[in-house]
Every structure is written in C-alpha cells, then in structure tokens.
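Enquirer: Please find run-v9.txt (compact mmCIF, C-alpha atoms) on the next line:
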```txt
# COMPACT_ATOMS: atom_id res chain seq x y z
CA MET A 1 122.36 120.89 98.83
CA MET A 2 123.97 123.96 100.43
CA LEU A 3 127.66 124.91 100.28
CA SER A 4 129.51 126.16 103.35
CA ASN A 5 129.28 129.72 102.08
CA GLY A 6 125.50 129.46 102.30
CA HIS A 7 124.79 129.41 98.56
CA ILE A 8 122.98 126.76 96.56
CA PRO A 9 125.20 125.70 93.64
CA LEU A 10 123.92 126.11 90.12
CA GLY A 11 124.81 123.34 87.71
CA ASN A 12 127.06 123.74 84.66
CA PHE A 13 125.50 124.31 81.25
CA GLN A 14 125.93 123.19 77.67
CA ILE A 15 124.68 125.05 74.61
CA LEU A 16 121.83 123.47 72.66
CA GLU A 17 121.77 124.89 69.14
CA ARG A 18 119.06 124.61 66.51
CA SER A 19 120.53 122.95 63.43
CA GLY A 20 118.18 124.66 60.98
CA PRO A 21 114.80 126.38 60.56
CA GLY A 22 111.63 124.78 59.28
CA VAL A 23 111.62 127.26 56.37
CA PRO A 24 114.80 129.11 55.30
CA GLY A 25 115.05 132.88 55.58
CA LEU A 26 114.71 134.94 52.41
CA LEU A 27 118.01 136.05 50.90
CA ASP A 28 116.67 138.96 48.81
CA LEU A 29 114.14 140.50 51.18
CA PRO A 30 113.66 143.79 49.26
CA GLY A 31 113.12 141.85 46.05
CA HIS A 32 110.37 139.74 47.60
CA VAL A 33 108.63 142.83 49.00
CA VAL A 34 108.75 144.59 45.64
CA ASP A 35 107.44 141.48 43.84
CA ALA A 36 104.58 141.13 46.32
CA LEU A 37 103.53 144.77 45.97
CA THR A 38 103.92 144.83 42.20
CA GLY A 39 101.82 141.70 41.90
CA LEU A 40 98.84 143.52 43.40
CA ASN A 41 98.44 145.64 40.25
CA LEU A 42 97.10 148.55 42.28
CA PRO A 43 95.43 151.17 40.07
CA PRO A 44 97.97 153.89 39.18
CA ALA A 45 95.34 156.52 39.98
CA LYS A 46 95.41 155.35 43.60
CA LEU A 47 99.15 156.01 43.87
CA ARG A 48 100.39 158.64 41.41
CA GLY A 49 100.67 161.98 43.16
CA LYS A 50 98.87 160.61 46.22
CA ARG A 51 99.94 161.00 49.84
CA VAL A 52 100.13 157.45 51.20
CA ALA A 53 100.53 156.58 54.90
CA VAL A 54 102.61 153.52 55.82
CA ALA A 55 101.58 151.92 59.13
CA VAL A 56 104.47 150.61 61.25
CA GLY A 57 104.14 148.96 64.67
CA SER A 58 106.23 148.58 67.79
CA ARG A 59 107.17 144.89 67.60
CA GLY A 60 110.76 143.80 67.00
CA ILE A 61 110.18 142.44 63.50
CA ALA A 62 113.32 141.17 61.80
CA ASP A 63 114.83 143.70 59.36
CA LEU A 64 112.00 146.13 60.05
CA ASP A 65 113.99 149.11 58.76
CA VAL A 66 114.66 147.29 55.48
CA LEU A 67 111.00 146.36 55.11
CA VAL A 68 109.72 149.88 55.74
CA LYS A 69 112.27 151.53 53.45
CA THR A 70 111.50 149.06 50.67
CA VAL A 71 107.76 149.74 50.92
CA CYS A 72 108.35 153.52 50.90
CA ASP A 73 110.81 153.31 48.00
CA TRP A 74 108.35 151.20 45.98
CA LEU A 75 105.59 153.73 46.60
CA LYS A 76 107.89 156.46 45.35
CA THR A 77 108.54 154.53 42.12
CA GLN A 78 104.77 154.48 41.61
CA GLY A 79 104.64 158.26 41.90
CA ALA A 80 103.22 158.29 45.44
CA ARG A 81 104.32 160.57 48.29
CA PRO A 82 104.65 158.19 51.26
CA PHE A 83 105.04 158.98 54.93
CA VAL A 84 105.31 156.68 57.95
CA PHE A 85 103.13 156.77 61.05
CA PRO A 86 103.26 154.65 64.22
CA ALA A 87 100.36 152.18 64.41
CA MET A 88 100.95 150.84 67.90
CA GLY A 89 97.91 151.57 70.05
CA SER A 90 99.03 152.79 73.46
CA HIS A 91 102.67 151.72 73.25
CA GLY A 92 105.43 154.25 73.68
CA GLY A 93 103.74 155.54 76.82
CA ALA A 94 100.66 156.48 74.78
CA THR A 95 102.35 159.71 73.66
CA ALA A 96 103.25 160.97 70.19
CA GLU A 97 106.88 161.53 71.12
CA GLY A 98 107.12 158.15 72.83
CA GLN A 99 105.85 156.38 69.72
CA ARG A 100 108.19 158.36 67.49
CA LYS A 101 111.06 157.26 69.74
CA VAL A 102 110.04 153.60 69.48
CA LEU A 103 110.25 153.83 65.69
CA ALA A 104 113.58 155.66 65.83
CA GLU A 105 115.07 152.87 67.93
CA TYR A 106 114.32 150.50 65.05
CA GLY A 107 115.97 152.85 62.57
CA ILE A 108 112.63 154.18 61.32
CA THR A 109 113.64 157.82 60.94
CA PRO A 110 113.25 160.44 58.18
CA GLU A 111 117.03 160.37 57.66
CA ASN A 112 117.12 156.60 57.07
CA LEU A 113 113.93 156.35 55.04
CA GLY A 114 113.92 159.55 53.06
CA VAL A 115 110.28 160.16 54.05
CA GLU A 116 108.48 161.99 56.82
CA VAL A 117 107.57 160.24 60.09
CA VAL A 118 104.32 161.69 61.45
CA SER A 119 103.44 160.76 65.02
CA SER A 120 100.22 161.82 66.72
CA MET A 121 97.73 160.34 69.17
CA GLU A 122 94.78 162.11 67.52
CA THR A 123 92.13 159.88 66.00
CA VAL A 124 89.00 160.14 63.89
CA SER A 125 85.91 158.16 64.81
CA LEU A 126 84.44 156.16 61.93
CA GLY A 127 81.31 155.38 63.90
CA MET A 128 79.97 152.05 65.09
CA THR A 129 80.22 148.55 63.70
CA PRO A 130 76.95 146.56 63.41
CA GLU A 131 77.93 144.94 66.73
CA GLY A 132 78.15 148.34 68.45
CA PHE A 133 81.95 148.73 68.60
CA GLU A 134 83.33 152.22 67.94
CA VAL A 135 86.11 152.41 65.35
CA HIS A 136 88.99 154.89 65.58
CA VAL A 137 91.73 155.66 63.04
CA ASP A 138 94.87 157.78 63.30
CA ARG A 139 93.91 161.24 62.07
CA HIS A 140 96.92 161.69 59.77
CA ALA A 141 96.35 158.28 58.21
CA TRP A 142 92.69 159.10 57.67
CA GLU A 143 93.54 162.42 56.03
CA ALA A 144 96.00 160.71 53.65
CA ASP A 145 94.84 159.45 50.26
CA GLY A 146 95.52 155.86 51.22
CA VAL A 147 97.20 153.56 53.74
CA VAL A 148 99.57 150.60 53.36
CA VAL A 149 99.74 148.38 56.45
CA LEU A 150 102.95 146.48 57.23
CA ASN A 151 102.99 143.84 59.96
CA ARG A 152 104.21 140.41 60.98
CA VAL A 153 101.78 137.50 61.21
CA LYS A 154 102.30 135.26 64.23
CA PRO A 155 100.35 133.59 67.05
CA HIS A 156 99.11 136.14 69.58
CA THR A 157 99.99 136.10 73.26
CA ASP A 158 96.41 136.64 74.50
CA PHE A 159 94.16 134.54 72.26
CA SER A 160 93.96 131.86 69.58
CA GLY A 161 92.00 132.05 66.32
CA THR A 162 92.13 131.91 62.56
CA ILE A 163 93.67 135.39 62.66
CA GLU A 164 95.74 136.58 65.60
CA SER A 165 98.60 139.07 65.39
CA GLY A 166 98.84 140.60 61.92
CA PRO A 167 97.57 143.34 59.58
CA LEU A 168 93.93 143.12 60.77
CA LYS A 169 94.95 143.65 64.38
CA MET A 170 97.16 146.56 63.32
CA ILE A 171 94.16 148.15 61.57
CA ALA A 172 91.83 147.53 64.52
CA VAL A 173 94.18 148.31 67.40
CA GLY A 174 97.43 149.90 66.22
CA MET A 175 95.85 152.45 63.89
CA GLY A 176 93.25 153.26 66.52
CA LYS A 177 95.97 154.61 68.82
CA ALA A 178 95.26 154.56 72.57
CA THR A 179 91.55 155.30 72.17
CA GLY A 180 90.98 152.53 69.65
CA ALA A 181 93.16 150.09 71.56
CA ARG A 182 91.12 150.64 74.73
CA GLU A 183 87.88 150.06 72.83
CA CYS A 184 89.21 146.86 71.28
CA HIS A 185 90.49 145.39 74.53
CA ARG A 186 87.41 146.44 76.51
CA ARG A 187 85.13 144.71 74.01
CA SER A 188 87.42 141.74 73.41
CA TRP A 189 87.43 140.51 76.99
CA LYS A 190 83.64 140.22 76.69
CA TYR A 191 83.06 139.20 73.06
CA GLY A 192 86.37 137.59 72.12
CA PHE A 193 89.43 139.09 70.45
CA GLU A 194 88.99 137.64 66.98
CA LYS A 195 85.36 138.74 66.70
CA VAL A 196 86.14 142.30 67.78
CA ILE A 197 89.30 142.65 65.67
CA ARG A 198 87.50 141.42 62.54
CA ALA A 199 84.56 143.76 63.14
CA LEU A 200 86.72 146.84 63.75
CA ALA A 201 89.01 146.09 60.80
CA ALA A 202 86.06 145.43 58.48
CA LYS A 203 84.63 148.87 59.22
CA THR A 204 87.92 150.53 58.31
CA LEU A 205 88.46 148.36 55.23
CA ALA A 206 84.98 149.23 53.98
CA THR A 207 85.96 152.90 53.73
CA GLY A 208 88.43 152.14 50.93
CA LYS A 209 91.18 153.95 52.81
CA ILE A 210 93.38 150.82 53.07
CA LEU A 211 95.15 150.28 49.76
CA ALA A 212 97.11 147.17 50.69
CA GLY A 213 98.59 145.11 53.47
CA VAL A 214 102.06 143.57 53.53
CA ALA A 215 102.53 140.57 55.82
CA VAL A 216 105.74 138.80 56.78
CA VAL A 217 106.23 135.50 58.59
CA GLU A 218 109.39 134.70 60.53
CA ASN A 219 110.97 131.29 61.02
CA GLU A 220 112.32 129.82 64.26
CA LEU A 221 115.59 131.75 63.84
CA HIS A 222 113.81 135.12 63.71
CA GLN A 223 114.44 135.41 59.97
CA ILE A 224 111.78 136.56 57.52
CA ALA A 225 110.82 133.44 55.58
CA ILE A 226 107.58 134.52 53.86
CA VAL A 227 106.37 137.83 52.37
CA ARG A 228 102.82 138.27 51.13
CA ALA A 229 100.71 141.26 50.07
CA ALA A 230 97.01 141.75 49.41
CA GLY A 231 94.58 144.50 48.57
CA ALA A 232 91.85 145.43 51.02
CA ALA A 233 89.38 142.84 49.69
CA GLY A 234 91.82 139.95 50.10
CA LEU A 235 93.54 141.03 53.28
CA ALA A 236 91.69 138.74 55.69
CA THR A 237 92.12 135.68 53.46
CA MET A 238 95.82 136.42 53.02
CA GLU A 239 96.30 136.78 56.77
CA GLU A 240 94.50 133.51 57.48
CA ALA A 241 96.83 131.70 55.05
CA CYS A 242 99.90 133.33 56.62
CA MET A 243 98.68 132.31 60.06
CA GLU A 244 98.65 128.67 58.99
CA LYS A 245 102.26 129.05 57.85
CA ALA A 246 103.33 130.95 60.98
CA ARG A 247 101.92 128.62 63.62
CA PRO A 248 104.36 125.71 63.10
CA LEU A 249 107.30 128.12 62.68
CA LEU A 250 106.91 129.63 66.16
CA ALA A 251 110.11 128.95 68.09
CA ARG A 252 109.52 126.82 71.19
CA LEU A 253 111.47 125.36 74.08
CA PRO A 254 111.96 121.67 73.19
CA PHE A 255 111.31 120.24 76.67
CA PRO A 256 108.08 119.13 78.38
CA LYS A 257 109.11 120.34 81.86
CA LEU A 258 111.56 122.80 83.40
CA ASP A 259 112.38 123.51 87.03
CA LEU A 260 113.64 126.99 86.19
CA LEU A 261 113.82 129.24 83.15
CA ILE A 262 116.40 132.03 83.29
CA LEU A 263 115.46 134.88 80.95
CA GLY A 264 118.24 137.25 79.97
CA GLU A 265 115.72 139.94 79.09
CA ILE A 266 112.08 140.74 78.58
CA GLY A 267 110.65 143.61 76.57
CA LYS A 268 107.96 145.04 74.34
CA ASN A 269 110.18 144.60 71.27
CA ILE A 270 110.27 140.87 72.07
CA SER A 271 106.59 140.30 72.78
CA GLY A 272 103.54 142.34 73.68
CA THR A 273 103.72 140.58 77.03
CA GLY A 274 107.47 141.00 77.47
CA MET A 275 107.95 137.26 77.17
CA ASP A 276 105.94 135.19 74.71
CA THR A 277 103.12 133.44 76.56
CA ARG A 278 103.21 130.60 74.04
CA VAL A 279 106.88 129.98 74.81
CA VAL A 280 106.65 130.09 78.60
CA GLY A 281 103.18 128.55 78.86
CA ARG A 282 101.80 131.28 81.13
CA GLY A 283 99.13 133.93 80.70
CA LEU A 284 97.24 132.03 78.01
CA GLU A 285 95.34 128.76 78.01
CA LEU A 286 97.16 126.42 75.63
CA PRO A 287 96.59 122.87 74.40
CA PRO A 288 98.54 120.25 76.39
CA GLY A 289 102.11 119.90 75.20
CA GLU A 290 102.30 123.19 73.29
CA ALA A 291 104.59 124.74 75.91
CA PRO A 292 106.64 123.26 78.75
CA GLN A 293 105.49 123.23 82.33
CA ILE A 294 107.85 125.72 83.98
CA ARG A 295 107.88 125.82 87.76
CA LEU A 296 109.71 129.16 88.17
CA ILE A 297 110.92 131.98 85.90
CA TYR A 298 113.73 134.42 86.72
CA ALA A 299 114.15 137.50 84.47
CA ARG A 300 117.31 139.64 84.54
CA GLU A 301 116.88 142.71 82.31
CA LEU A 302 114.38 144.96 80.53
CA THR A 303 115.31 145.79 76.95
CA PRO A 304 116.16 149.46 76.27
CA GLU A 305 113.71 149.39 73.34
CA SER A 306 110.86 148.93 75.84
CA GLY A 307 111.33 152.45 77.13
CA GLY A 308 110.49 151.32 80.65
CA ASN A 309 107.31 149.46 79.68
CA ALA A 310 107.71 146.11 81.45
CA LEU A 311 104.19 144.82 80.80
CA GLY A 312 104.33 141.04 81.23
CA VAL A 313 106.78 141.19 84.12
CA GLY A 314 104.02 139.61 86.17
CA LEU A 315 104.62 136.32 84.33
CA ALA A 316 107.98 136.01 86.14
CA ASP A 317 108.43 134.74 89.70
CA ALA A 318 111.63 136.67 90.45
CA ILE A 319 113.50 139.50 88.75
CA HIS A 320 116.83 141.25 89.12
CA GLU A 321 116.76 144.67 90.76
CA ARG A 322 118.15 146.15 87.52
CA LEU A 323 114.94 145.16 85.78
CA TYR A 324 112.86 146.61 88.57
CA ARG A 325 114.75 149.93 88.46
CA ALA A 326 114.27 150.12 84.68
CA ILE A 327 110.47 150.01 84.93
CA ASP A 328 108.59 153.18 84.06
CA LEU A 329 105.34 152.66 85.93
CA GLU A 330 103.55 155.41 84.04
CA LYS A 331 104.27 153.76 80.68
CA MET A 332 103.59 150.24 81.92
CA TYR A 333 100.33 151.21 83.58
CA ALA A 334 99.20 153.12 80.48
CA ASN A 335 99.62 149.88 78.51
CA ALA A 336 97.99 147.86 81.29
CA ARG A 337 94.95 150.14 81.44
CA THR A 338 94.51 149.64 77.71
CA SER A 339 95.07 145.89 77.57
CA MET A 340 92.98 145.18 80.69
CA ASN A 341 94.99 142.09 81.66
CA PRO A 342 95.53 142.46 85.43
CA PRO A 343 98.34 139.92 86.00
CA MET A 344 100.67 141.42 83.40
CA PRO A 345 101.89 144.54 85.28
CA ARG A 346 102.26 142.82 88.67
CA ILE A 347 105.81 143.20 89.94
CA PRO A 348 107.37 140.01 91.38
CA ILE A 349 109.98 139.85 94.12
CA PHE A 350 113.24 141.47 93.01
CA TRP A 351 116.78 140.76 94.16
CA PRO A 352 119.93 142.93 94.15
CA SER A 353 122.07 140.18 92.58
CA ASP A 354 121.84 137.04 90.46
CA ARG A 355 123.32 135.00 93.30
CA GLN A 356 120.61 136.02 95.79
CA ALA A 357 117.87 135.50 93.24
CA LEU A 358 119.11 132.01 92.38
CA ASP A 359 119.49 131.05 96.03
CA TRP A 360 115.85 131.97 96.50
CA VAL A 361 114.42 130.27 93.41
CA LEU A 362 116.54 127.13 93.79
CA GLY A 363 115.59 126.99 97.45
CA ALA A 364 111.93 127.25 96.48
CA LEU A 365 112.52 124.29 94.15
CA GLY A 366 113.80 122.16 97.02
CA SER A 367 117.53 122.91 96.64
CA PRO A 368 118.14 120.25 93.95
CA ASP A 369 121.69 118.97 93.38
CA PRO A 370 123.36 120.43 90.27
CA GLN A 371 123.08 117.16 88.32
CA GLU A 372 119.34 117.03 89.04
CA GLN A 373 118.49 120.60 88.06
CA CYS A 374 116.35 121.04 84.93
CA VAL A 375 117.31 124.63 84.15
CA ALA A 376 117.21 126.36 80.77
CA TRP A 377 118.72 129.78 80.09
CA ILE A 378 117.66 131.86 77.08
CA GLN A 379 118.38 135.41 75.98
CA ASN A 380 114.69 136.08 75.37
CA THR A 381 111.62 134.28 74.06
CA LEU A 382 112.10 135.61 70.54
CA ASN A 383 115.60 134.21 69.99
CA LEU A 384 115.54 130.50 70.74
CA ASN A 385 118.14 129.23 68.30
CA ARG A 386 120.56 128.76 71.22
CA ILE A 387 119.57 127.58 74.68
CA ALA A 388 121.86 126.91 77.64
CA VAL A 389 120.80 123.74 79.47
CA THR A 390 121.96 121.94 82.60
CA GLN A 391 123.14 118.32 82.68
CA ALA A 392 119.72 116.76 83.20
CA LEU A 393 118.31 118.58 80.16
CA ALA A 394 121.44 117.90 78.10
CA ALA A 395 120.75 114.19 78.50
CA GLU A 396 117.22 114.73 77.13
CA ALA A 397 118.50 116.96 74.32
CA ALA A 398 120.78 114.31 72.84
CA SER A 399 117.86 112.73 70.98
CA LEU A 400 116.06 115.92 69.88
CA PRO A 401 115.62 116.25 66.09
CA ALA A 402 116.77 119.53 64.49
CA TRP A 403 118.96 120.35 67.51
CA ARG A 404 122.63 119.70 68.31
CA LEU A 405 124.39 119.82 71.65
CA LEU A 406 127.73 121.67 71.66
CA PRO A 407 130.38 119.88 73.74
CA GLU A 408 131.97 122.88 75.47
CA PRO A 409 130.53 123.43 78.97
CA PHE A 410 129.65 126.84 80.34
CA VAL A 411 130.47 127.23 84.02
CA PRO A 412 128.52 130.10 85.58
CA GLY A 413 130.58 132.20 87.96
CA PHE A 414 129.77 135.26 90.04
CA ASP A 415 131.56 138.55 90.56
CA ARG A 416 132.11 140.38 93.83
CA GLU A 417 128.58 141.83 93.75
CA GLY A 418 127.04 138.38 93.25
CA ASN A 419 126.14 138.91 89.58
CA PHE A 420 127.09 136.57 86.76
CA ALA A 421 130.73 137.19 85.85
CA ALA A 422 130.07 135.90 82.33
CA LEU A 423 127.00 135.02 80.28
CA PRO A 424 126.47 131.92 78.16
CA PRO A 425 127.00 132.34 74.39
CA LEU A 426 123.33 132.46 73.45
CA THR A 427 123.95 134.22 70.14
CA PRO A 428 126.19 132.62 67.48
```
When written as structure tokens, how does the structure in this file appear?

Expert:
Amino acid sequence: MMLSNGHIPLGNFQILERSGPGVPGLLDLPGHVVDALTGLNLPPAKLRGKRVAVAVGSRGIADLDVLVKTVCDWLKTQGARPFVFPAMGSHGGATAEGQRKVLAEYGITPENLGVEVVSSMETVSLGMTPEGFEVHVDRHAWEADGVVVLNRVKPHTDFSGTIESGPLKMIAVGMGKATGARECHRRSWKYGFEKVIRALAAKTLATGKILAGVAVVENELHQIAIVRAAGAAGLATMEEACMEKARPLLARLPFPKLDLLILGEIGKNISGTGMDTRVVGRGLELPPGEAPQIRLIYARELTPESGGNALGVGLADAIHERLYRAIDLEKMYANARTSMNPPMPRIPIFWPSDRQALDWVLGALGSPDPQEQCVAWIQNTLNLNRIAVTQALAAEAASLPAWRLLPEPFVPGFDREGNFAALPPLTP
C-alpha cells in the first residue's frame, strides 16, 4: 500500500505494559548489600587498615551508584580504606580517561562516593593457567591489599553456560583491562568462553587477592531483585546459583514473530552488543522459541553513555543518520578488535529521517497494510516493561499472561524533516 505522497503508512500503536515482575525489586537495597557482606564474616585482619580496591564495570546496572557507595561505606565501617577502579576490559575507548568518564556518567565519582577513583590501563601478568592462557590484572588492584568485585549476573550475549556474565567474567576480562580482554576473547573463540573465563578467574582467585564478590540479579523491570555475596572460595558456586535465578527473569519480547522491531536506542550501557542478542534473537545461537523471529530491525539513537562505541550496530538492518553520526569509530573498533566478533561493528544503511527509513524497511517487507503490520517499538532491549505494538500484535497480546494492553492508541506522526513528531510513552 502506498499513499499519494509516496510514503508507506505505518499503523497505529497501543501500549502493552507488563503487569508485574517475576520477582519483586528490593525495597531496602543498601540494607541487603550490608547484610550480604556482613554475613561473609571476613577476617578483620583482611580489612582493618587495608587498602581495598572495588571493581566496577561499564554495564548499566540498576542503582549502580547506590550499590558502589554502599560497598565502599561498608568497607569503611570495617576499618578499610577503599578505592574504586574500572574493571571493564577495553570499554571506554580502551583509555584510562575514557573508563573514568564511563564511571562518572553513572555517578561513580570521588565526590559522590567519598573515595578515590583510580583509572589506569596498566596491568600485571600473573603468568599462565594450566591450559596456557595468560592472566592479567589491573596494576592498582594488584597492588592493593585486597579486591571486592561487584557485578550483575545475567545471561551473556555471546555464549551460554553455567556461568555467563557475572563476577567471574569481571575478574577474567574486566580486571584484565584491554590486554586481558584480548587474551580472553582470542582464546574463547577457540576453546569456549566458559572454559577460558573459569580458567583465568581461577588463577586470579588462587592468589588470595580477591576478598569477596557481590552479585546482583535484576528482574524484568530492571529492578534489583536479588543480592548475594561470597568469599573467593565460594564465588563460582554463588554465581552459578544466581545464574539459575537470572535466566527466567531476563526480559523478553512476548511474541514469536515480528515483521519489524523499532529500537529507540542502542548502547554499551544497555548491552555489551548494544542490543541484547537474547532479546532480538540475533548474533547468538539460541534454542527455538527463546527469542522472536524478527525480519528487520531499525535503530534510531546511540546512548550518550556509550561514548560513541556503537558495537552491535551490525545487528540492525537500518539506522537513523543521528546514530551513524554519533559513532566514534576509534572506540568501536577498539572494542571490536578485543571482542573479535566481526559482524558487530558493521554499519548498516542509514537514513536522514525516520520517514525515509520506514519507507525503506516497510517496502522491503512487501509494503504491508497498516492492519497487517506486526511491528513492535521499544526504547531499548533493557527496558521491556512497556512495548508499543501495532494492531495485529495487539490482537495477539490480549491473551498474554502478566501483560495488559492499554486502550489509548498512539498515532505516529512526522515533523517537517520526516522525523517522528512524538514518541510512544515507553516509560511509565
């Protein structure tokens, strides 16, 4: 169907809203963190008067500033002298200042925390694992008296296993900075991610430098629902248990097939691949039915927190020119050289307006009539509590458990430049 003005009409939308999470978010997050750390009964001699490094990554973990400050404050009550360091591999453009900036954008600053933030790309080699993998650790963390690792546990975008994204990966990759991250990815594509991560982390854990790990699990609404902590000896077991809790709580699109997914934004603070591969069903081999079959993906923006690193943009089929102009190739390619996943930095066709992009993608779908279009619109793959859906999907959604369809329609319109004049209310 083509209107006289030459444009393919996009159907109207309704908002599909999740009625509740599988596990409720924690109301007293600092209290749960303190209880988890206190329950470890760490020897006072390991903390009192000791300089303790707190590892913080680059992912957009819910309430990250609260988590980090609570950990640092607890360490202070134990007589320790904590400082924070970025444990994020090659992110932030693989520079010390870039990684410091990533933390600052999450509110992880000396002013907010009351502790020093030490950012450096220097590492110390701990030698080889029995398998022949070289282990690297941030030099400042290694020179500290001990390290506390803080990370979220969730399914990874590149592999599946009994451990995926969590404290062990932070120890193996994040704490290894760019050098360690390259070693991990280079070996992982040959030997498998879980095997390499476990081997690298085990070598570091065996030094006694890691005092504890704090793990959080988020629910479908991007709320922290679980907090756990473990000493070095129990870290792997704790992470495995958290992984079992995290897997069913991963937010997903509740449809088996989509013609088009409109993504409001992609970014490194959303997923390591810009958009979660487990949500969009691309870039990772998944069991049948775990993610919808999506024919085309259109992405509109790159988050400011990404600092120009648009790794994962290659999972889209079309992007807005704004996204293209926001890409810092140097930063993205630095990440791509480390991760060694060739499709991720490929730049798809970009369009100067939403209208032109939609004409192209809808045309590639056979120019379906508005009432036939199976189109979903989300802000990003991390926040899936509200989804805008066209009429055909709204009919499917009426019978979905744990979801409710709001009656008010959203009618997409375009401004003089051909961009959306208004955006659907994807956040409550």

Enquirer: Show me, as an MDAnalysis selection string, the residues that have an atom within 10 Å of Gly57 of chain A when counting all atoms listed in the file, minus same-chain residues fewer than 5 positions from it.

Expert: chainID A and resid 64 85:89 91 99 102:103 149:152 170 174:175 269

Enquirer: So, with only C-alpha atoms as the atoms that count, which of A:Pro43, A:Pro24, A:Gly307, A:Pro425 lies closest to Ile378 of chain A?

Expert: A:Pro425

Enquirer: Which residue out of A:Pro248, A:Gly281, A:Gly418, A:Gly25 has the minimum interatomic distance to Leu315 of chain A when only C-alpha atoms are used?

Expert: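 Closest residue, counting only C-alpha atoms: A:Gly281.
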
Enquirer: So the first atom is atom CA of Ile15 of chain A and the second is atom CA of Ala388 of chain A; what is the distance between them in Å, to one decimal place?

Expert: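 Result for atom CA of Ile15 of chain A versus atom CA of Ala388 of chain A: 4.5 Å, one decimal.
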
Enquirer: Between A:Pro401, A:Ile266, A:Lys195, A:Ile224, which is the closest to Pro130 of chain A once you count only C-alpha atoms?

Expert: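 Using only C-alpha atoms, the shortest distance to Pro130 of chain A belongs to A:Lys195.
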
Enquirer: Please list as number ranges by chain every residue within 10 Å of Arg228 of chain A, counting only C-alpha atoms and excluding residues in the same chain fewer than 2 positions away.

Expert: A: 32-33, 35-37, 39, 213-217, 226, 230, 235, 238-239, 241-242

Enquirer: I'd like to know which of A:Ile61, A:Val227, A:Met121, A:Gly180 is closest to Pro30 of chain A, using all atoms listed in the file.

Expert: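 Closest candidate: A:Val227.
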
Enquirer: Would you please work out which residue, of A:Gly127, A:Gly208, A:Pro254, A:Gly166, is nearest to Ala397 of chain A when using all atoms listed in the file?

Expert: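 Of the candidates, the smallest distance to Ala397 of chain A is held by A:Pro254.
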
Enquirer: Using Å and a single decimal, report how far atom CA of Glu134 of chain A sits from atom CA of Leu329 of chain A.

Expert: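 These atoms are spaced 28.4 Å apart.
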
Enquirer: Have a look at atom CA of Pro348 of chain A and atom CA of Gln379 of chain A and let me know their distance in Å, one decimal.

Expert: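 Computing it gives 19.5 Å between the two atoms.
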
Enquirer: Model the absent atoms of segment 245-263 of chain A so that N, CA and C atoms are present, and write the result as a short mmCIF file (atom, residue, chain, number, x, y, z; two decimals), keeping the file's coordinate frame.

Expert:
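Wrote part.cif, looks like this:
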```cif
data_model
loop_
_atom_site.label_atom_id
_atom_site.label_comp_id
_atom_site.auth_asym_id
_atom_site.auth_seq_id
_atom_site.Cartn_x
_atom_site.Cartn_y
_atom_site.Cartn_z
N LYS A 245 100.82 129.23 58.06
CA LYS A 245 102.26 129.05 57.85
C LYS A 245 103.05 129.41 59.11
N ALA A 246 102.58 130.44 59.83
CA ALA A 246 103.33 130.95 60.98
C ALA A 246 103.25 130.04 62.19
N ARG A 247 102.13 129.39 62.38
CA ARG A 247 101.92 128.62 63.62
C ARG A 247 103.02 127.56 63.85
N PRO A 248 103.33 126.71 62.84
CA PRO A 248 104.36 125.71 63.10
C PRO A 248 105.78 126.27 63.14
N LEU A 249 105.98 127.52 62.70
CA LEU A 249 107.30 128.12 62.68
C LEU A 249 107.62 128.87 63.97
N LEU A 250 106.66 128.94 64.90
CA LEU A 250 106.91 129.63 66.16
C LEU A 250 107.99 128.88 66.94
N ALA A 251 109.04 129.58 67.32
CA ALA A 251 110.11 128.95 68.09
C ALA A 251 109.60 128.54 69.47
N ARG A 252 110.00 127.35 69.90
CA ARG A 252 109.52 126.82 71.19
C ARG A 252 110.68 126.21 71.95
N LEU A 253 110.52 126.09 73.25
CA LEU A 253 111.47 125.36 74.08
C LEU A 253 111.20 123.86 73.91
N PRO A 254 112.21 123.06 73.57
CA PRO A 254 111.96 121.67 73.19
C PRO A 254 111.93 120.69 74.36
N PHE A 255 111.37 121.11 75.49
CA PHE A 255 111.31 120.24 76.67
C PHE A 255 109.89 120.26 77.26
N PRO A 256 109.42 119.15 77.80
CA PRO A 256 108.08 119.13 78.38
C PRO A 256 108.00 119.81 79.76
N LYS A 257 109.12 119.77 80.52
CA LYS A 257 109.11 120.34 81.86
C LYS A 257 110.44 121.00 82.18
N LEU A 258 110.38 122.12 82.90
CA LEU A 258 111.56 122.80 83.40
C LEU A 258 111.36 123.14 84.87
N ASP A 259 112.43 123.00 85.65
CA ASP A 259 112.38 123.51 87.03
C ASP A 259 112.45 125.04 87.01
N LEU A 260 113.37 125.55 86.20
CA LEU A 260 113.64 126.99 86.19
C LEU A 260 114.00 127.43 84.79
N LEU A 261 113.43 128.57 84.38
CA LEU A 261 113.82 129.24 83.15
C LEU A 261 114.47 130.57 83.52
N ILE A 262 115.72 130.75 83.10
CA ILE A 262 116.40 132.03 83.29
C ILE A 262 116.26 132.81 81.99
N LEU A 263 115.68 134.00 82.10
CA LEU A 263 115.46 134.88 80.95
C LEU A 263 116.46 136.03 81.01
#
```
